[in-house]
Amino acid sequence: MWSWRLARVFGIDINVHLSFLLVIVLGAMQWGSFGVEGAVFGAVLTLLTFASVTLHELGHSLVAQAFGIPVKDITLYPIGGVARLGKRPKTAGQELLIALAGPAVNVVLVFVLGALGAWAFGLEAMQHALQLGRTEDPTVVTLLATLVLSNAVLAVFNMIPALPMDGGRVLRAVLSWFMGAQQATRVSAFIARVLAVGLFALGVFYNPMLTLIAVFVFVGAGQEVQEQKISRILDGVQSADAVDPWAPRFAPDSTLADAVNVLTRTNWDAFAVEHFGRLVGVVTRADVLKAAQDQGPYAYVAGVMRRTAPVVDGREPLEAARFKMNESGEPFVAVVRDGLFLGLITELELVTVAERMAKAGFQRNDATLAPEVSLEVGKRSNW
Ligand SMILES: [Zn+2]
């Protein structure tokens, strides 16, 4: 929402959020005392700083891709960038390396830009500019020095051990070698929340941006714990057992009027289209509503349905089904066993199972999971 595509690198869309424009204006204003020249300098500096952020996110993304984890996109916000990974890393080692790759890029940039400045303007001029920072004239050497400093800040700041920041992920990965993934997530989230409170207090006195980041960390740490619990629950249930035999299904010659009638009375977001027990297509709630408007109530479901669906074997855990949904970007996955179509799994089935397991006292001390489970199917891990 409110973002548009800037570029596409290694198959990854790089998006910019609309509010980002404001940051460029602010950047220009910071150097406004130097006139037009200063304003242009400020805008360029801001753009290059966010180019560093983009390279940081690409660092995470490329290592993730190397581990076979799809990267959906990178979006730049005023407080930083977010790379959305299609699924979570399989092992703690993978999480560790993906997390380290981002700050590592900034460390490399510190040395490359620093060396470039020293080579072009001499070591002394560069050191001078590094000490003066923003009080210096808007020159190229100031630009390089400021970028060296901001990359150093990016590297150090992101390594604060507060989940879901990079340092927090490193901490969790290391802890999980000693105490298992679940306990490691809990301990890391606790540390993150303590640090977030401190960061918030610092922000109130020094920098309002820090308060925003503190809130982001506090909320994000909770989401990590939640996500980890849901993962574990879904891992313990076979996909076949999650299929709801009462989920409505359509025939290819069902009309859109029939379909609209069914979906106004139920909560499912996707429906199987069957012909003699065989899956021939899937229609989503959005497909049906749009088509009913465009084509009228008497058009057939067959003309609207999608003819391909992500498929999962009934014996595979529900967590695998969720991965397939994430990867495909579809709100459903078809469950088959021995060539037989059993039914669809949608967000509704995932939530139902998670709630049922939580109520059954899946884990007594998981008080935050019950009674409300908010489960976003598109839930990806953000970096
Ligand atoms: Zn990062």
# chains A, B, ... in the order shown; residues from 1 in each chain; ligands from 1
>>> select_by_dssp(residues="segment 132-338 of chain A", states="alpha helix (DSSP H)", output="ChimeraX atom specification")
/A:132,140-158,166-179,181-205,208-235,239-242,256-265,285-295,318-328
>>> select_by_dssp(residues="segment 56-199 of chain A", states="strand (DSSP E or B)", output="NGL selection string")
:A and (71-77 or 80-85)
>>> write_last_selection(atoms="C-alpha atoms", output="PDB file, in the first residue's frame")
ATOM      1  CA  VAL A  71      12.556 -12.993  -1.593  1.00  0.00           C
ATOM      2  CA  LYS A  72       9.259 -11.256  -2.312  1.00  0.00           C
ATOM      3  CA  ASP A  73      10.425  -7.665  -2.327  1.00  0.00           C
ATOM      4  CA  ILE A  74      12.364  -4.917  -0.583  1.00  0.00           C
ATOM      5  CA  THR A  75      10.478  -1.817   0.538  1.00  0.00           C
ATOM      6  CA  LEU A  76      12.109   1.395   1.721  1.00  0.00           C
ATOM      7  CA  TYR A  77      10.379   3.244   4.549  1.00  0.00           C
ATOM      8  CA  GLY A  80      14.653   1.901   7.057  1.00  0.00           C
ATOM      9  CA  GLY A  81      14.190  -0.946   4.639  1.00  0.00           C
ATOM     10  CA  VAL A  82      12.352  -4.242   4.888  1.00  0.00           C
ATOM     11  CA  ALA A  83      13.089  -7.353   2.839  1.00  0.00           C
ATOM     12  CA  ARG A  84      10.211  -9.814   2.853  1.00  0.00           C
ATOM     13  CA  LEU A  85      11.315 -13.424   2.710  1.00  0.00           C
TER      14      LEU A  85
END
>>> closest_atom_pairs(of="chain A", to="ligand 1", cutoff="9 Å", atoms="only C-alpha atoms and all ligand atoms", output="tab-separated table")
residue	atom	partner	partner_atom_place_in_ligand_line	distance
A:Val53	CA	ligand 1	1 (Zn)	8.4
A:His56	CA	ligand 1	1 (Zn)	6.2
A:Glu57	CA	ligand 1	1 (Zn)	5.9
A:Gly59	CA	ligand 1	1 (Zn)	8.2
A:His60	CA	ligand 1	1 (Zn)	6.6
A:Gly81	CA	ligand 1	1 (Zn)	7.9
A:Val82	CA	ligand 1	1 (Zn)	7.8
A:Ala83	CA	ligand 1	1 (Zn)	8.3
A:Ile98	CA	ligand 1	1 (Zn)	8.7
A:Ala99	CA	ligand 1	1 (Zn)	6.3
A:Leu100	CA	ligand 1	1 (Zn)	7.8
A:Ala101	CA	ligand 1	1 (Zn)	7.7
A:Gly102	CA	ligand 1	1 (Zn)	4.7
A:Pro103	CA	ligand 1	1 (Zn)	6.3
A:Leu154	CA	ligand 1	1 (Zn)	8.7
A:Ala155	CA	ligand 1	1 (Zn)	8.6
A:Asn158	CA	ligand 1	1 (Zn)	6.2
A:Met159	CA	ligand 1	1 (Zn)	8.4
A:Met165	CA	ligand 1	1 (Zn)	6.5
A:Asp166	CA	ligand 1	1 (Zn)	5.1
A:Gly167	CA	ligand 1	1 (Zn)	8.5
A:Trp383	CA	ligand 1	1 (Zn)	5.5
>>> residues_around(residues="Leu147 of chain A", least_positions_apart="4", cutoff="10 Å", atoms="only C-alpha atoms", output="list in words")
Leu45, Thr46, Leu48, Thr49, Ser52, Leu109, Val110, Leu113, Gly114, Leu130, Gly133, Val141, Thr142, Leu143, Asn151, Ala152 and Val153 of chain A
>>> write_last_selection(atoms="C-alpha atoms", output="CSV table (one decimal), in the first residue's frame")
chain,number,residue,atom,x,y,z
A,45,LEU,CA,22.9,12.6,0.5
A,46,THR,CA,19.6,11.2,1.7
A,48,LEU,CA,22.7,7.7,-1.2
A,49,THR,CA,22.0,6.9,2.5
A,52,SER,CA,23.2,2.0,1.5
A,109,LEU,CA,30.9,0.2,2.4
A,110,VAL,CA,32.6,2.0,5.3
A,113,LEU,CA,33.9,4.7,0.7
A,114,GLY,CA,36.6,5.7,3.2
A,130,LEU,CA,34.8,12.8,9.3
A,133,GLY,CA,30.3,15.9,9.8
A,141,VAL,CA,34.4,15.0,0.5
A,142,THR,CA,31.7,15.8,3.1
A,143,LEU,CA,29.3,13.6,1.2
A,151,ASN,CA,27.1,3.2,7.1
A,152,ALA,CA,29.0,2.7,10.4
A,153,VAL,CA,25.9,3.7,12.3
>>> atom_distance(atom1="atom CA of Phe67 of chain A", atom2="atom CA of Phe10 of chain A")
14.5 Å
>>> closest_residue(among="A:Met179, A:Val197, A:Leu350, A:Val237", to="Arg315 of chain A", atoms="only C-alpha atoms")
A:Val237
>>> residues_around(residues="Ala302 of chain A", least_positions_apart="5", cutoff="8 Å", atoms="only C-alpha atoms", output="list in words")
Ala251, Pro252, Asp253, Ser254, Val273 and Gly281 of chain A
>>> closest_residue(among="A:Ala145, A:Ala173, A:Ala321, A:Ala129", to="Glu95 of chain A", atoms="only C-alpha atoms")
A:Ala173
>>> atom_distance(atom1="atom CA of Pro245 of chain A", atom2="atom CA of Ser231 of chain A")
23.6 Å
>>> closest_residue(among="A:Ala291, A:Leu55, A:Val44, A:Val336", to="Gln30 of chain A", atoms="only C-alpha atoms")
A:Val44
>>> residues_around(residues="Ala259 of chain A", least_positions_apart="4", cutoff="10 Å", atoms="only C-alpha atoms", output="VMD selection string")
chain A and resid 248 to 251 254 to 255 263 to 264 271 283 285 288 to 289 292 297 300 to 301
>>> write_last_selection(atoms="N, CA and C atoms", output="PDB file, in the first residue's frame")
ATOM      1  N   PRO A 248     -17.716 -25.515   1.434  1.00  0.00           N
ATOM      2  CA  PRO A 248     -18.518 -25.528   0.205  1.00  0.00           C
ATOM      3  C   PRO A 248     -17.649 -25.744  -1.027  1.00  0.00           C
ATOM      4  N   ARG A 249     -18.177 -26.491  -1.989  1.00  0.00           N
ATOM      5  CA  ARG A 249     -17.462 -26.701  -3.248  1.00  0.00           C
ATOM      6  C   ARG A 249     -18.422 -26.385  -4.385  1.00  0.00           C
ATOM      7  N   PHE A 250     -17.870 -25.973  -5.506  1.00  0.00           N
ATOM      8  CA  PHE A 250     -18.728 -25.667  -6.649  1.00  0.00           C
ATOM      9  C   PHE A 250     -18.513 -26.669  -7.764  1.00  0.00           C
ATOM     10  N   ALA A 251     -19.494 -26.725  -8.673  1.00  0.00           N
ATOM     11  CA  ALA A 251     -19.340 -27.469  -9.922  1.00  0.00           C
ATOM     12  C   ALA A 251     -19.013 -26.447 -11.006  1.00  0.00           C
ATOM     13  N   SER A 254     -21.850 -24.281 -11.878  1.00  0.00           N
ATOM     14  CA  SER A 254     -22.500 -23.424 -10.863  1.00  0.00           C
ATOM     15  C   SER A 254     -22.479 -22.004 -11.416  1.00  0.00           C
ATOM     16  N   THR A 255     -23.552 -21.249 -11.143  1.00  0.00           N
ATOM     17  CA  THR A 255     -23.546 -19.860 -11.618  1.00  0.00           C
ATOM     18  C   THR A 255     -22.894 -18.956 -10.579  1.00  0.00           C
ATOM     19  N   LEU A 263     -20.932 -17.577  -0.677  1.00  0.00           N
ATOM     20  CA  LEU A 263     -19.858 -16.888   0.050  1.00  0.00           C
ATOM     21  C   LEU A 263     -20.353 -15.761   0.952  1.00  0.00           C
ATOM     22  N   THR A 264     -21.575 -15.325   0.762  1.00  0.00           N
ATOM     23  CA  THR A 264     -22.095 -14.349   1.728  1.00  0.00           C
ATOM     24  C   THR A 264     -22.443 -15.028   3.053  1.00  0.00           C
ATOM     25  N   PHE A 271     -12.638 -21.494  -2.901  1.00  0.00           N
ATOM     26  CA  PHE A 271     -13.542 -22.637  -3.028  1.00  0.00           C
ATOM     27  C   PHE A 271     -13.061 -23.544  -4.157  1.00  0.00           C
ATOM     28  N   VAL A 283     -11.846 -21.067  -7.222  1.00  0.00           N
ATOM     29  CA  VAL A 283     -12.215 -19.643  -7.300  1.00  0.00           C
ATOM     30  C   VAL A 283     -12.027 -19.009  -5.925  1.00  0.00           C
ATOM     31  N   ARG A 285     -12.794 -15.744  -3.274  1.00  0.00           N
ATOM     32  CA  ARG A 285     -13.890 -14.818  -2.947  1.00  0.00           C
ATOM     33  C   ARG A 285     -13.803 -13.567  -3.841  1.00  0.00           C
ATOM     34  N   VAL A 288     -14.838 -14.205  -7.515  1.00  0.00           N
ATOM     35  CA  VAL A 288     -16.287 -14.345  -7.692  1.00  0.00           C
ATOM     36  C   VAL A 288     -16.974 -12.985  -7.640  1.00  0.00           C
ATOM     37  N   LEU A 289     -16.612 -12.186  -6.641  1.00  0.00           N
ATOM     38  CA  LEU A 289     -17.276 -10.886  -6.482  1.00  0.00           C
ATOM     39  C   LEU A 289     -17.010  -9.983  -7.686  1.00  0.00           C
ATOM     40  N   ALA A 292     -18.876 -11.424 -10.812  1.00  0.00           N
ATOM     41  CA  ALA A 292     -20.326 -11.234 -10.714  1.00  0.00           C
ATOM     42  C   ALA A 292     -20.694  -9.821 -11.141  1.00  0.00           C
ATOM     43  N   PRO A 297     -24.902 -12.331 -12.981  1.00  0.00           N
ATOM     44  CA  PRO A 297     -25.108 -13.486 -12.101  1.00  0.00           C
ATOM     45  C   PRO A 297     -25.195 -14.832 -12.825  1.00  0.00           C
ATOM     46  N   TYR A 300     -20.892 -18.727 -15.650  1.00  0.00           N
ATOM     47  CA  TYR A 300     -20.522 -19.949 -14.943  1.00  0.00           C
ATOM     48  C   TYR A 300     -19.209 -19.772 -14.178  1.00  0.00           C
ATOM     49  N   VAL A 301     -19.120 -20.467 -13.093  1.00  0.00           N
ATOM     50  CA  VAL A 301     -17.896 -20.493 -12.285  1.00  0.00           C
ATOM     51  C   VAL A 301     -16.700 -20.952 -13.128  1.00  0.00           C
TER      52      VAL A 301
END
>>> atom_distance(atom1="atom CA of Asn207 of chain A", atom2="atom CA of Pro78 of chain A")
14.2 Å
>>> closest_residue(among="A:Leu96, A:Gln131, A:Ile79, A:Asp235", to="Val174 of chain A", atoms="only C-alpha atoms")
A:Leu96
